[in-house]
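First up is the structure itself, then whatever we jot down about it.
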Amino acid sequence: MEEVLVDWSRAQFALTAIYHFLFVPLTLGLGFIVAIMETIYVKTNDLRWKKITRFWMTLFAINFAIGVATGIIMEFEFGTNWANYSWFVGDIFGAPLAIEGILAFFLESTFFAVMFFGWDKVSKSFHLLSTWLVAIGSNLSALWILVANGWMQYPVGMVFNPDTARNEMSNFWDVILSPVAISKFLHTIGSGYVIAALFVIGISSYLLLKGKDLWMAKKSMIIGATFGLITSFFLILSGDESAYQVAQTQPVKLAAMEGMYEGSSQAGIVALGVLNPNKTLDNNEPTYLFDIEIPYILSLLGHHDVDAYVAGLNDLVWGNSEQNIMSASEKIEKGKIAVDAFKEYKTAMSNKDIEGASVAKNLLDEHIGYFGYGYLDKPEDIVPPIGLTFYSFHIMVALGMWFTILFAIVLFLATKKEISKYTLILKSAIASIPLGFVAAEAGWIVAEVGRQPWAIQDLMPVGVAVTNISSTNVMITFWLFAILFTALLIAEIKIMTKQISLGFEGSK
Amino acid sequence: MFEVLTFLQLQQYWWIIISLLGGLFVFMMFVQGGQTLLSSLSTNEVEKTMLVNSIGRKWELGFTTLVLFGGALFAAFPLFYSTSFGGAYWVWMAILFCFIIQAVSYEYRTKPNNFLGQKTYELFLNINGSLGVFLLGAAISTFFSGSEFFIDERNFTFWQNDLRGLEALLNPSNYLLGFALVFLAKILGALYFINNIDHEAIRNRAINSIKLNMLLFLAFFLTFLAWILTKDGFAISKDGVIYMQQYKYLLNFIEMPIVLAMFGIGVVMVIVAVFMTIIFKKSCCIKTGGVGVVLTVMALLLNVGFNNTAYYPSTYDLQSSLTIMNSSGSVYTLTVMAYVSLMVPFVLAYIVYAWYQMDKIKITKEEIEANSTHNY
């Protein structure tokens, strides 16, 4: 495929995913926060809690609508822009998407209507149940799409069928219980909970600073900070598990996350650093212009052993026989054998040469794990953009630490002190709302940019996965999406800020 | 349980599910049809708001049905997913854009400071209800007229027309189903308003709109029917070769009497629903008409998929045409998904329950004006 087509297709997928991921995390967390608030209302029968619930519910709806709008393209884009991918792994990848529709989307969409329009039409308990079901539905949706994404990062539970020229599912449970998928799901929903909590404490801080609806703002803040603090710890634990899974299954990504060219035992993690822009795989320039390293931590996180060897990019590209690491060129060689064996199998079958087909099939089976490498040109192709992956990872981690501290301070002040007097903290909470989204997008970039060039790890590079179409078509749709989604984002922000300024008493 | 089924039976089972989802999606197009009637059925803002809130409480179900339709096709017939969506790029992109703009329009329409203005969001709803529905109809019509693509030995698709799907609009026959769907959606929208809104003037205007739209629907639908029943169809021989067969779709109906009966009953139910609404002023006919639409659409999709028929034919290379046999998922995946499909009745049950709970109290002018609840 022409490179420009691959680049536009990647750009379009990145654009639509980044927009979609601005709205999804807030939905994941705010759904539960609203459900908790409504539960308090139903238990206390205090109408002020009903007002609190409805205020946050209104903001939830504004965000939910644009999340739906940007979400539909994500599903169909696999077909429109990654058609070869859709066939090659559709037998496995399609299933979680369909299950997401059956088990999650209908739950959300059915009870969303009850949640918003049912206040005077259904009983209190049925309404409360509906609110919880919307929250559960949106999180179930995340489960299935992240099972699908986890499978792309670590393909399991399938066999390659040369007759149909695709991978076919052989074990459903391996796919959905894949440790990569589970850790990805937990870490992603955790980030959504933290973002929602930041959103709640940030807006509550704004209302406190404005002196508006003080009681309700403070109660919201306590709920938000408690939810945020608990889920921050959950986020740290799931992040630890994610790092471990990356080290086990995607060592190149881990090396890029740390900007690590040379592997080592007792490897440290860079707490703060600036990459040397002149550093490449084939020179001896220093990796960092400046860095502060915490020793042992990378070995510990990645392998749960401070003495473990963590592979660097040079090991993974050029190989390291001491550490038993195969070079990328050897993998490419094996990959080309697999691709050629596949072609020979097809030719033999069409010529009804059963013996030839059997020989080719055996060769293919032997090398199928390297199939995707057969489409790469040179060993360096396995390396993702290092700078983007490195900085995104470090920004995400640093912000995650800050959020945990912020939640703890806010919770303490809101429960033990008169928080309205601590304007610096309130302003920090407001400023942290956009930082939450920055952290989430950074995490997404680590996960997706860090696994390039693969559409499916080791099996299919993006250059093969893309639809056969002229790049002009994709370029036009890229700009159409950019214009439309930007317009909708502006609309969302304007509506949202207006509703926030109206406060608990005035929001529509 | 599903393990005892043969591969072909599993493929057929999944085509029935796809057909059912297609039928349900067309039924849910009452939302789209209603969106195109907002101006003609209202004389002031309150009435328009009543209309918007009536269908606005159901739009997500239709949207979700579309998403599930796509997901189920991906899981059960991945070669269709990769061939059609990647090949007919512009048609599907245009349809998706029509649905993207729908998703925000209800929530943002009357919100203060909404950037694009109320009229723009209402225009979005109109575009979704007219262009979106028309394009879907035209895209489905290519199941009968064919498309230009070639599939290589890796099952990678090469679309042969630079218009990437828009060439379907160069074939006038594809307009028939497109327009038929647009007018059917309007009829369903009006039937839903009559059922869901307690307002005499709106009801009378809705009845009048049904009269006109029924005539237009019948004109396009009957012509579409005449076209498919008299044209050559894409048949599969015993040894798997695709060939053109005279009156294929007519023969399919004759050779599959159950499908023909579904089709006949479905059409009659739609006509009865319209008749009862117009003559006897009944307000519950969306149910009769809805079941009729589901049966009719199911029958059409079963006709084009069953009885050795290529449901997504290629006019460029007949042997690249898609059949339910050569485009499906593996036995294992179809079996797993068949178990998942057992959840569908449960899902339908809670949808019906929640729907009943919400719709047992009709929308009134007083409710909308009181503004005590979340309104669009």
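Within each chain, counting starts at residue 1; across the structure tokens, chains are named A, B, ... in the order shown, with ligands numbered 1 upward in that order.
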Check every residue of chain A for an atom within 7 Å of chain B, counting only C-alpha atoms, and provide those that qualify as a PyMOL selection string. chain A and resi 62+65-66+68-70+72-73+79-81+83-84+86-87+90-91+94-95+97-98+101-102+105-106+109-110+113-114+116-119+121-122+165+168-170+467-468+491+494-495+498
Could you go through segment 218-364 of chain B and tell me which residues DSSP, when run on the backbone, assigns to strand (DSSP E), listing them as a list in words?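 For segment 218-364 of chain B, the strand (DSSP E) set is Gly233, Phe234, Ala235, Ile236, Ile242, Tyr243, Met244 and Gln245 of chain B.
Proximity ranking of A:Asp163, A:Lys50, A:Asn63, A:Thr16 relative to Ala348 of chain A places A:Asp163 first, based on only C-alpha atoms.
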List the spatial neighbours of Tyr373 of chain A as a PyMOL selection string - criterion: any atom at most 10 Å away, only C-alpha atoms, same-chain residues fewer than 4 positions off excluded. chain A and resi 328-339+368-369+377-379+381-382+454+457-461
Could the residues in this selection be written to a file with N, CA and C atoms, as a compact mmCIF listing (two decimals), in the first residue's frame?
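Result file follows (result24.txt):
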```txt
# COMPACT_ATOMS: atom_id res chain seq x y z
N ALA A 328 15.19 -8.60 15.06
CA ALA A 328 14.04 -8.33 14.19
C ALA A 328 14.29 -8.86 12.78
N SER A 329 15.57 -8.83 12.34
CA SER A 329 15.84 -9.32 10.98
C SER A 329 15.58 -10.83 10.89
N GLU A 330 15.86 -11.54 11.97
CA GLU A 330 15.56 -12.98 11.96
C GLU A 330 14.04 -13.21 11.94
N LYS A 331 13.33 -12.38 12.68
CA LYS A 331 11.86 -12.49 12.68
C LYS A 331 11.32 -12.16 11.29
N ILE A 332 11.91 -11.15 10.65
CA ILE A 332 11.46 -10.78 9.30
C ILE A 332 11.69 -11.96 8.34
N GLU A 333 12.85 -12.58 8.50
CA GLU A 333 13.17 -13.74 7.65
C GLU A 333 12.13 -14.85 7.84
N LYS A 334 11.80 -15.13 9.10
CA LYS A 334 10.80 -16.16 9.38
C LYS A 334 9.42 -15.74 8.86
N GLY A 335 9.15 -14.45 8.99
CA GLY A 335 7.87 -13.92 8.51
C GLY A 335 7.74 -14.10 7.00
N LYS A 336 8.84 -13.84 6.30
CA LYS A 336 8.79 -13.97 4.83
C LYS A 336 8.59 -15.45 4.43
N ILE A 337 9.18 -16.34 5.22
CA ILE A 337 8.95 -17.78 4.96
C ILE A 337 7.46 -18.10 5.13
N ALA A 338 6.85 -17.52 6.18
CA ALA A 338 5.43 -17.77 6.43
C ALA A 338 4.57 -17.22 5.29
N VAL A 339 4.87 -15.99 4.85
CA VAL A 339 4.08 -15.37 3.78
C VAL A 339 4.23 -16.17 2.48
N ILE A 368 4.07 -19.23 11.65
CA ILE A 368 2.91 -18.33 11.64
C ILE A 368 3.02 -17.21 12.68
N GLY A 369 3.72 -17.47 13.78
CA GLY A 369 3.87 -16.45 14.83
C GLY A 369 4.61 -15.22 14.35
N ASP A 377 10.07 -4.22 5.92
CA ASP A 377 11.23 -4.13 5.04
C ASP A 377 12.55 -4.25 5.78
N LYS A 378 12.63 -3.62 6.96
CA LYS A 378 13.91 -3.59 7.67
C LYS A 378 13.68 -3.68 9.18
N PRO A 379 14.69 -4.12 9.92
CA PRO A 379 14.51 -4.35 11.36
C PRO A 379 14.02 -3.12 12.12
N ASP A 381 11.94 -1.08 11.40
CA ASP A 381 10.49 -0.84 11.25
C ASP A 381 9.69 -1.24 12.48
N ILE A 382 10.26 -2.05 13.34
CA ILE A 382 9.48 -2.51 14.52
C ILE A 382 9.42 -1.45 15.63
N TRP A 454 2.16 -2.16 14.32
CA TRP A 454 1.22 -3.27 14.24
C TRP A 454 -0.23 -2.84 14.33
N GLN A 457 -0.61 -7.18 16.86
CA GLN A 457 0.77 -7.43 17.28
C GLN A 457 1.37 -8.66 16.60
N ASP A 458 2.44 -8.45 15.88
CA ASP A 458 3.24 -9.50 15.21
C ASP A 458 2.56 -10.17 14.01
N LEU A 459 1.26 -9.93 13.85
CA LEU A 459 0.54 -10.66 12.80
C LEU A 459 0.22 -9.81 11.57
N MET A 460 -0.05 -8.52 11.79
CA MET A 460 -0.44 -7.69 10.66
C MET A 460 -0.03 -6.24 10.90
N PRO A 461 0.89 -5.73 10.07
CA PRO A 461 1.23 -4.31 10.19
C PRO A 461 0.15 -3.42 9.57
```
When you look at Leu214 of chain A with a cut-off of 10 Å (counting only C-alpha atoms), what residues show up, excluding the ones that are within fewer than 5 positions of it in the same chain? I need them as a list in words.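 Using only C-alpha atoms, the neighbours found are Ser204, Ser205, Leu207, Leu208, Leu209, Lys219, Ser220, Ser420 and Phe504 of chain A.
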Generate the output file for the selected residues, C-alpha atoms, as a PDB file, in the first residue's frame.
```
ATOM      1  CA  SER A 204     -17.815  22.295  42.490  1.00  0.00           C
ATOM      2  CA  SER A 205     -14.747  24.439  43.163  1.00  0.00           C
ATOM      3  CA  LEU A 207     -19.324  27.166  42.145  1.00  0.00           C
ATOM      4  CA  LEU A 208     -17.754  27.587  45.592  1.00  0.00           C
ATOM      5  CA  LEU A 209     -15.526  30.372  44.294  1.00  0.00           C
ATOM      6  CA  LYS A 219     -21.584  17.860  49.042  1.00  0.00           C
ATOM      7  CA  SER A 220     -20.745  17.232  45.394  1.00  0.00           C
ATOM      8  CA  SER A 420     -14.167  27.842  50.486  1.00  0.00           C
ATOM      9  CA  PHE A 504     -27.697  23.681  40.721  1.00  0.00           C
TER      10      PHE A 504
END
```
I'd like the contact shell of Gly22 of chain B - 12 Å cut-off, only C-alpha atoms, skipping same-chain residues fewer than 4 positions apart - returned as a count of residues only. 30
Write down as a ChimeraX atom specification the residues belonging to segment 38-99 of chain B that are assigned alpha helix (DSSP H) by DSSP computed on the backbone. /B:45-56,59-76,78-80,86-87,89-99
Rounded to one decimal place, report the atom CA of Tyr316 of chain B-atom CA of Phe221 of chain B distance in Å.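 Atom-to-atom, atom CA of Tyr316 of chain B and atom CA of Phe221 of chain B are spaced 27.3 Å apart.
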Just give me the gap between atom CA of Lys218 of chain A and atom CA of Ala414 of chain A in Å, one decimal is fine.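 Separating atom CA of Lys218 of chain A from atom CA of Ala414 of chain A is a distance of 6.8 Å.
For the residues B:Ile286, B:Ile279, B:Ala310, B:Leu125, ranking by smallest atom-to-atom distance to Gln245 of chain B using only C-alpha atoms places B:Ala310 first.
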